[in-house]
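Reading through the structure tokens given below for one structure.
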Amino acid sequence: GQSLEQPSEVTAVEGAIVQINCTYQTSGFYGLSWYQQHDGGAPTFLSYNALDGLEETGRFSSFLSRSDSYGYLLLQELQMKDSASYFCALGDSNYQLIWGAGTKLIIKP
Amino acid sequence: DAGVTQSPTHLIKTRGQQVTLRCSPISGHKSVSWYQQVLGQGPQFIFQYYEKEERGRGNFPDRFSARQFPNYSSELNVNALLLGDSALYLCASSELASSSYNEQFFGPGTRLTVL
């Protein structure tokens with residue numbers, strides 16, 4: 001089967017940089033996605049890595065290493081509004097997105 | 001442009017009852033996926049439909065069924081409700097056939113409570 005692991009909670013300071021890691025086990029997948037979800041809200045798409053390497057979108061960057069079964073989301077210049085849960089998700093060959101349990105990001109002033 | 005819409009926003013049912021949840025995708029999107037999200041966990045994939053055909057099914061019992069209409073809207077039906085079915089049900093739409101490798105746009109969800 002497929003599984004993803006993320007830290008349950010990460011704490012950082014406003015203005016700082018934080019990295020949220022995601023390790024996975026799978027026999028094959030298309031790519032790794034990242035979504036943000038505020039409490040009571042719907043998930044919103046942040047980034048997608050089909051190939052190894054770094055993808056940058058504004059303050060957010062995402063990295064994938066297939067050989068290490070590892071990816072991460074990097075958030076720079078943290079703002080209070082970035083306080084949310086962040087999910088990594090694998091896209092498999094059966095049209096499914098398999099999600100991690102999520103990382104709650106707590107930002108302190 | 002309107003985003004993904006879902007109805008109802010909240011629903012309270014009792015065990016054994018049946019429920020139908022509705023979703024309208026973003027205009028032009030032909031793919032709809034359904035997810036169940038229990039509090040404190042990530043979304044669990046239930047179904048994906050593209051052009052009115054089921055393309056993917058997650059590990060859910062046969063009590064769960066869905067369909068997609070010619071206008072690409074979709075319904076999720078759950079029969080014989082159990083307490084464990086209490087969750088946020090999310091619908092997502094996307095342009096491409098597979099939810100595996102493209103951005104999905106989520107609706108606000110339907111909060112189902114089973115008593």
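Labels used: A, B, ... for chains in the order of the structure tokens, numbers from 1 for residues in each chain, and numbers from 1 for ligands as shown.
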
**Message:** Using DSSP assignments from the backbone, pull out every residue in chain B that falls under strand (DSSP E) and give it to me as an MDAnalysis selection string.
**Reply:** chainID B and resid 5:7 10:13 19:24 31:37 44:50 53:57 64:68 74:78 87:94 105:106 110:114

Write out as an mmCIF file with N, CA and C atoms, in the first residue's frame which residues come within 7 Å of A:Tyr35 when counting only C-alpha atoms, dropping same-chain ones fewer than 5 positions away.
```cif
data_model
loop_
_atom_site.group_PDB
_atom_site.id
_atom_site.type_symbol
_atom_site.label_atom_id
_atom_site.label_comp_id
_atom_site.auth_asym_id
_atom_site.auth_seq_id
_atom_site.Cartn_x
_atom_site.Cartn_y
_atom_site.Cartn_z
ATOM 1 N N PRO A 43 -9.409 22.613 1.570
ATOM 2 C CA PRO A 43 -8.018 22.590 1.126
ATOM 3 C C PRO A 43 -7.824 23.446 -0.117
ATOM 4 N N THR A 44 -6.680 24.125 -0.180
ATOM 5 C CA THR A 44 -6.331 24.878 -1.377
ATOM 6 C C THR A 44 -4.957 24.431 -1.859
ATOM 7 N N PHE A 45 -4.826 24.304 -3.153
ATOM 8 C CA PHE A 45 -3.616 23.796 -3.779
ATOM 9 C C PHE A 45 -2.475 24.795 -3.615
ATOM 10 N N LEU A 46 -1.272 24.263 -3.263
ATOM 11 C CA LEU A 46 -0.095 25.113 -3.138
ATOM 12 C C LEU A 46 0.940 24.810 -4.214
ATOM 13 N N TYR A 86 -1.088 21.752 6.778
ATOM 14 C CA TYR A 86 -0.501 21.533 5.469
ATOM 15 C C TYR A 86 -0.424 20.034 5.202
ATOM 16 N N PHE A 87 -0.901 19.646 4.019
ATOM 17 C CA PHE A 87 -0.978 18.233 3.669
ATOM 18 C C PHE A 87 -0.123 17.946 2.447
ATOM 19 N N CYS A 88 0.640 16.854 2.502
ATOM 20 C CA CYS A 88 1.251 16.330 1.296
ATOM 21 C C CYS A 88 0.354 15.213 0.775
#
```

**Asked** With distances taken over only C-alpha atoms, which of B:Glu54, B:Gly42, B:Ala97, B:Trp34 is nearest to A:Leu4?
**Response** B:Gly42

**Item:** Who sits within 12 Å of stretch 50-53 of chain B, only C-alpha atoms, same chain under 5 positions skipped, as a PyMOL selection string
**Value:** (chain A and resi 95) or (chain B and resi 25+28-34+66-75+92-99)

**Prompt:** Which of these residues is nearest to A:Asp92, using only C-alpha atoms: A:Tyr70, A:Leu32, A:Lys104, A:Val10?
**Reply:** A:Leu32

**Message:** Between B:Arg63, B:Gln44, B:Leu82, B:Leu76, which residue has the minimum interatomic distance to chain A, considering only C-alpha atoms?
**Reply:** B:Gln44

**Request:** Might you pull out every residue within 8 Å of B:Arg111, with only C-alpha atoms counted and same-chain residues fewer than 4 positions away left off, and present them as a VMD selection string?
**Result:** chain B and resid 9 to 11 86 to 89

Store the residues picked out above, limited to N, CA, C and O atoms, as a PDB file, in the first residue's frame.
```
ATOM      1  N   THR B   9     -24.713  22.558   3.512  1.00  0.00           N
ATOM      2  CA  THR B   9     -23.471  22.853   4.235  1.00  0.00           C
ATOM      3  C   THR B   9     -23.367  22.014   5.498  1.00  0.00           C
ATOM      4  O   THR B   9     -22.267  21.596   5.882  1.00  0.00           O
ATOM      5  N   HIS B  10     -24.503  21.791   6.140  1.00  0.00           N
ATOM      6  CA  HIS B  10     -24.546  20.960   7.336  1.00  0.00           C
ATOM      7  C   HIS B  10     -25.737  20.020   7.249  1.00  0.00           C
ATOM      8  O   HIS B  10     -26.767  20.371   6.654  1.00  0.00           O
ATOM      9  N   LEU B  11     -25.585  18.870   7.880  1.00  0.00           N
ATOM     10  CA  LEU B  11     -26.639  17.865   7.830  1.00  0.00           C
ATOM     11  C   LEU B  11     -26.549  17.003   9.087  1.00  0.00           C
ATOM     12  O   LEU B  11     -25.459  16.577   9.474  1.00  0.00           O
ATOM     13  N   SER B  86     -19.777  10.168  10.335  1.00  0.00           N
ATOM     14  CA  SER B  86     -19.740  11.593  10.680  1.00  0.00           C
ATOM     15  C   SER B  86     -18.396  12.169  10.260  1.00  0.00           C
ATOM     16  O   SER B  86     -17.338  11.695  10.694  1.00  0.00           O
ATOM     17  N   ALA B  87     -18.440  13.176   9.401  1.00  0.00           N
ATOM     18  CA  ALA B  87     -17.212  13.728   8.833  1.00  0.00           C
ATOM     19  C   ALA B  87     -17.563  14.931   7.972  1.00  0.00           C
ATOM     20  O   ALA B  87     -18.731  15.238   7.745  1.00  0.00           O
ATOM     21  N   LEU B  88     -16.513  15.586   7.480  1.00  0.00           N
ATOM     22  CA  LEU B  88     -16.649  16.621   6.459  1.00  0.00           C
ATOM     23  C   LEU B  88     -16.474  15.947   5.099  1.00  0.00           C
ATOM     24  O   LEU B  88     -15.471  15.274   4.866  1.00  0.00           O
ATOM     25  N   TYR B  89     -17.444  16.109   4.231  1.00  0.00           N
ATOM     26  CA  TYR B  89     -17.374  15.519   2.900  1.00  0.00           C
ATOM     27  C   TYR B  89     -17.031  16.618   1.904  1.00  0.00           C
ATOM     28  O   TYR B  89     -17.774  17.585   1.751  1.00  0.00           O
TER      29      TYR B  89
END
```

Can you write out as a Markdown table which residues of chain B fall within 9 Å of chain A, alongside each residue's closest atom pair and its distance in Å to one decimal, counting only C-alpha atoms and ordering rows by chain and ascending residue number?
```
| residue | atom | partner | partner_atom | distance |
| --- | --- | --- | --- | --- |
| B:Ser33 | CA | A:Gln96 | CA | 8.9 |
| B:Gly40 | CA | A:Ala101 | CA | 7.5 |
| B:Gln41 | CA | A:Ala101 | CA | 4.8 |
| B:Gly42 | CA | A:Ala101 | CA | 4.4 |
| B:Pro43 | CA | A:Trp99 | CA | 6.3 |
| B:Gln44 | CA | A:Trp99 | CA | 6.9 |
| B:Phe45 | CA | A:Gln96 | CA | 6.5 |
| B:Ile46 | CA | A:Gln96 | CA | 8.7 |
| B:Phe47 | CA | A:Gln96 | CA | 8.2 |
| B:Gln48 | CA | A:Tyr95 | CA | 7.2 |
| B:Arg55 | CA | A:Tyr95 | CA | 6.5 |
| B:Gly56 | CA | A:Tyr95 | CA | 5.4 |
| B:Arg57 | CA | A:Gln96 | CA | 7.8 |
| B:Gly58 | CA | A:Gln96 | CA | 7.5 |
| B:Leu90 | CA | A:Ala42 | CA | 7.7 |
| B:Ala97 | CA | A:Tyr95 | CA | 8.3 |
| B:Ser98 | CA | A:Tyr95 | CA | 5.1 |
| B:Ser99 | CA | A:Tyr95 | CA | 5.5 |
| B:Ser100 | CA | A:Gly91 | CA | 3.6 |
| B:Tyr101 | CA | A:Gly91 | CA | 5.8 |
| B:Asn102 | CA | A:Tyr48 | CA | 7.9 |
| B:Glu103 | CA | A:Phe45 | CA | 6.3 |
| B:Gln104 | CA | A:Phe45 | CA | 6.8 |
| B:Phe105 | CA | A:Thr44 | CA | 6.8 |
| B:Phe106 | CA | A:Ala42 | CA | 6.0 |
| B:Gly107 | CA | A:Ala42 | CA | 6.3 |
| B:Pro108 | CA | A:Ala42 | CA | 5.2 |
| B:Gly109 | CA | A:Ala42 | CA | 6.9 |
```

**Asked** Near A:Gly58, within 12 Å and counting only C-alpha atoms, which residues show up once chain neighbours fewer than 5 positions away are dropped, as a list of chain:residue names?
**Response** A:Leu46, A:Ser47, A:Leu74, A:Leu75, A:Gln76, A:Glu77, A:Leu78

**Fill in**
Of B:Thr110, B:Gly3, B:Gln36, B:Gln17, the one nearest to B:Ala80 when counting only C-alpha atoms is B:Gln17

**Asked** Could you work out how far atom CA of A:Ala12 lies from atom CA of A:Asp52, giving the answer in Å with one decimal?
**Response**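 Answer for the atom CA of A:Asp52 to atom CA of A:Ala12 separation: 26.7 Å.
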